[in-house]
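Visitor: Before anything else, here's the structure in question.
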Amino acid sequence: MSDYDVIVIGSGAGGGTLARHLAPSGKKILILERGGWLPREPQNWSAGDVFVDNRYVSPDTWYDADGKPFQPQVHYYVGGATKLYGAALYRMRKEDFGELQHHGGISPAWPIPYEEMEPYYTKAEQLYEVHGARGEDPTEPPASAPYPFPAVSHEPRIQQLSDDFAAAGLHPFHAPCGVMLNEANMPYSNCVRCSTCDGFPCLVHAKSDAEVLGVRPALEHENVTLLTNATAVELSTNSAGTAVTEVVVERDGARETYSADIVVVSAGAANTAKLLLASAGDQHPNGLANGSDQVGRNYMFHDSQAVLALSKEPNNTVFQKTLGVNDYYFAGEAWEFPMGNIQMVGKSVADMYRGEQPLMTKLAPTFSLAEVADHAIDFWLSTEDLPLAENRVSLDSGGNVVLNYKATNDGARDRLFKQLRSLLGHLGMQEHHLIPRWAYLENKIPVAGVAHQAGTCRFGSDPATSALNTDCRAHEVDNLYVVDTSFFPSIAAVNPALTAMANAVRVGDHLLERLGANAG
Ligand SMILES: Cc1cc2nc3c(=O)[nH]c(=O)nc-3n(C[C@H](O)[C@H](O)[C@H](O)COP(=O)(O)OP(=O)(O)OC[C@H]3O[C@@H](n4cnc5c(N)ncnc54)[C@H](O)[C@@H]3O)c2cc1C
Ligand code: SF4
């Protein structure tokens, strides 16, 4: 007899969403989370504490291919990386579910079509209270329902930017945002529309993260238990290797074991691979669920660039992340290959620039940092990273994560950068200054840029080339599932969280059926 019906390991976008979806069923659910609750404190909204001192980056050490240690930019908290995320909640494009030829190679097809994910995207947009406007983005996929909340309005400088993009022949749109903002009734709005959102925790719990809208609502059901500071270190199986019988956990310095009929791993792409590889046994000598040798492989993030342009007029925007441009998302007249997505990041302030060499050397001789901050308009350019078998997570002899990564699609990335730079003169900006920023991604050290990690346990219909089946169940282990971004066979060029959330609901429906439960 198992202790629980379901154990969920990790409480981020995948695990937190799954727990919330399963909670009303009455099934006995245990959430194991390696981190604690992210403290609510004034430092949540301090650029110096968050961006310069990395207050909420959790201690961990990974190693690159040469064995050099580095600190990954990970956030081990209830809610996972979503505690710090920018809450840009995009659907992948319909075409992203098919095969796409990129400059750097092939982006493979997913084993399910967009149409199968669509109802779950709709459900995830509702769960995470996404604000947006359909019909503006020319690449947007078909949707069965409107956004549950109206788009977040542009502030004047961003409205001007939108108008200038449109005058240049592009199709700017209101970006989908997961913030609990009620512009029609601000006295009752949870979100106060502040400048410290993207990359910061939300002090007033108004960001649609997986703690606030996943784990907390799940815990309102008495059948759901959360253990914090509980790190799953190994999954043991029966002697045939066909089912997980125990989850071995380190908590407060002691080892404990828990059992469940169903075990769902959602520890983030690198840590999920780590856990499965560390769970090798007689029947799974290369790691659990790894007969295909796919576990840990095809690690992707995004070929992203945070860049800063200088507006001729001061930019007084507070909440900047309201605009997107997808005119270069696919191959087109501008170039024969896809380039990616342009969106805004949170408004930069002078405090964030400390120590940023490209910015200091290129601008500091002419402009003071305060002038730069007054005029900065901050973009996030996101190009698809392509899955390569040799880009992988493996373990060293001490069981530590080794991340072997080389960039895959730099030609497209550079082209997107040039495309935006060529437009600056039409956008009311200084023409020659488009300066790479660190933001929360150190441009020079791509292996540390793990914010959008995905792909280490790809799902598919062929057990020879995938670790999971199309229900995200391990091909080789009957009661083992994975619902974090590990299952992505390709990562598209839009932010990954909504897809992880939608898929968690999809897998959740499958689990409810398997457990003979109803949604409650
Ligand atoms: C600064 C920042 C900004 C971002 N902005 C955006 C954005 O605007 N839009 C977007 O779509 N995405 C964004 N992302 C990415 C997004 O947050 C992730 O894609 C998403 O959270 C991934 O979900 P996940 O479930 O795979 O992993 P996570 O959300 O990282 O959850 C994994 C959880 O597992 C826990 N864990 C790890 N190992 C163990 C273990 N052994 N035992 C128990 N628990 C464990 C971790 O502590 C964590 O809570 C951003 C990320 C960052 C860091
Ligand atoms: S903008 Fe809104 S959701 Fe974001 S941190 Fe500020 S109050 Fe929170």
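Every chain in the structure tokens has a letter given in the order shown (A, B, ...), and although residue numbers restart at 1 in each chain, ligands are simply numbered from 1 in the order shown.
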6 Å from ligand 1 is the threshold here; counting only C-alpha atoms and all ligand atoms, which polymer residues fall inside it? Answer as a PyMOL selection string.
Guide: chain A and resi 9-15+32-35+76-82+84-89+199+230-233+266-269+271+440+451-452+484-485+495-498
Visitor: Which residues of chain A come within 10 Å of ligand 2, and what is each one's closest atom pair and distance in Å (one decimal), counting only C-alpha atoms and all ligand atoms, sorted by chain and residue number, as a tab-separated table?
Guide:
```
residue	atom	partner	partner_atom_place_in_ligand_line	distance
A:Asn44	CA	ligand 2	5 (S)	8.8
A:Trp45	CA	ligand 2	5 (S)	7.6
A:Leu84	CA	ligand 2	5 (S)	9.3
A:Tyr85	CA	ligand 2	4 (Fe)	9.7
A:Gly86	CA	ligand 2	4 (Fe)	8.1
A:Ala87	CA	ligand 2	4 (Fe)	8.5
A:Cys177	CA	ligand 2	3 (S)	9.3
A:Gly178	CA	ligand 2	3 (S)	7.6
A:Val179	CA	ligand 2	3 (S)	4.6
A:Met180	CA	ligand 2	3 (S)	6.2
A:Leu181	CA	ligand 2	2 (Fe)	6.6
A:Ser189	CA	ligand 2	2 (Fe)	9.1
A:Asn190	CA	ligand 2	7 (S)	6.9
A:Cys191	CA	ligand 2	2 (Fe)	3.8
A:Val192	CA	ligand 2	7 (S)	4.4
A:Arg193	CA	ligand 2	1 (S)	3.9
A:Cys194	CA	ligand 2	6 (Fe)	4.0
A:Ser195	CA	ligand 2	1 (S)	6.3
A:Thr196	CA	ligand 2	5 (S)	5.4
A:Cys197	CA	ligand 2	5 (S)	3.7
A:Asp198	CA	ligand 2	4 (Fe)	7.0
A:Gly199	CA	ligand 2	5 (S)	9.1
A:Phe200	CA	ligand 2	5 (S)	6.8
A:Pro201	CA	ligand 2	5 (S)	6.4
A:Cys202	CA	ligand 2	5 (S)	4.0
A:Leu203	CA	ligand 2	8 (Fe)	6.3
A:Val204	CA	ligand 2	8 (Fe)	5.8
A:His205	CA	ligand 2	8 (Fe)	6.1
A:Ala206	CA	ligand 2	3 (S)	4.3
A:Lys207	CA	ligand 2	3 (S)	3.8
A:Ser208	CA	ligand 2	3 (S)	7.2
A:Asp209	CA	ligand 2	3 (S)	9.2
A:Val318	CA	ligand 2	1 (S)	8.6
A:Phe319	CA	ligand 2	1 (S)	6.4
A:Gln320	CA	ligand 2	1 (S)	9.4
A:Lys321	CA	ligand 2	1 (S)	9.4
A:Gly346	CA	ligand 2	1 (S)	9.4
```
Visitor: Residues near segment 419-430 of chain A, anyone? I mean within 6 Å using only C-alpha atoms, not counting same-chain ones fewer than 4 positions away, as an MDAnalysis selection string.
Guide: chainID A and resid 164 310:312
Visitor: I'd like to know which of A:Arg392, A:Arg255, A:His302, A:His102 is closest to Tyr63 of chain A, using only C-alpha atoms.
Guide: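 Ranking A:Arg392, A:Arg255, A:His302, A:His102 by distance to Tyr63 of chain A, first place goes to A:Arg392.
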Visitor: Can you pull out every residue within 9 Å of segment 147-150 of chain A, counting only C-alpha atoms, but drop anything in the same chain fewer than 5 positions away, and send it as a PyMOL selection string?
Guide: chain A and resi 122+125-126+129-134+176+181-182
Visitor: For Asp252 of chain A, work out the shell of residues within 8 Å, counting only C-alpha atoms and skipping chain neighbours fewer than 2 positions away, then give it as an NGL selection string.
Guide: :A and (229-230 or 250 or 254)
Visitor: Find the residues around Asn315 of chain A up to 8 Å (only C-alpha atoms counted), leave out those fewer than 4 positions away in its own chain, and share them as a count of residues only.
Guide: 6
Visitor: Could you tell me which of A:Asn479, A:Ala47, A:Arg415, A:Val248 comes closest to Val349 of chain A if we count only C-alpha atoms?
Guide: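 Among the listed residues, A:Ala47 lies closest to Val349 of chain A.
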Visitor: Could you check how far atom CA of His221 of chain A sits from atom CA of Arg506 of chain A, in Å to one decimal?
Guide: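 Interatomic distance, atom CA of His221 of chain A to atom CA of Arg506 of chain A: 20.7 Å.
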Visitor: When distances are computed from only C-alpha atoms, which of A:Val263, A:Ala289, A:Leu416, A:Ala23 shows the smallest separation from Ala517 of chain A?
Guide: A:Ala23
Visitor: Quick one: of A:Ser292, A:Gln343, A:Asn391, A:Thr383, who's nearest to Pro463 of chain A, counting only C-alpha atoms?
Guide: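 Among A:Ser292, A:Gln343, A:Asn391, A:Thr383, it is A:Ser292 that comes nearest to Pro463 of chain A.
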Visitor: What lies within 12 Å of Glu95 of chain A using only C-alpha atoms, ignoring chain neighbours under 3 positions off, as a ChimeraX atom specification?
Guide: /A:91-92,98-101,107-110,112-115,139-142,329-331,338,490,492-493
Visitor: A:Glu313, A:Glu136, A:Asp462, A:Asp53: which is nearest Glu371 of chain A, counting only C-alpha atoms?
Guide: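 Among the listed residues, the smallest separation from Glu371 of chain A belongs to A:Glu313.
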Visitor: As a list in words, list the residues of segment 193-246 of chain A assigned to strand (DSSP E) by DSSP on the backbone atoms of this structure.
Guide: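 Those residues are Val224, Thr225, Leu226, Leu227, Ala230, Thr231, Ala232, Val233, Glu234, Leu235, Ser236, Thr237, Val244, Thr245 and Glu246 of chain A.
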Visitor: Looking at only C-alpha atoms, which of A:Val325, A:Cys472, A:Ala278, A:Val50 is the one that sits closest to Ala504 of chain A?
Guide: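 Ranked by minimum distance to Ala504 of chain A, first place goes to A:Cys472.
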Visitor: Can you tell me how far atom CA of Thr499 of chain A sits from atom CA of Gly516 of chain A, in Å to one decimal?
Guide: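 Atom CA of Gly516 of chain A lies at a distance of 25.6 Å from atom CA of Thr499 of chain A.
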Visitor: For the structure I just gave you, how does DSSP split segment 179-373 of chain A - specifically, which residues are alpha helix (DSSP H)? Reply as a list of chain:residue names.
Guide: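 These are the residues in question: A:Arg216, A:Pro217, A:Ala218, A:Leu219, A:Ala269, A:Ala270, A:Asn271, A:Thr272, A:Ala273, A:Lys274, A:Leu275, A:Leu276, A:Leu277, A:Gln357, A:Pro358, A:Leu359, A:Met360, A:Thr361, A:Lys362, A:Leu363, A:Leu369, A:Ala370, A:Glu371, A:Val372, A:Ala373.
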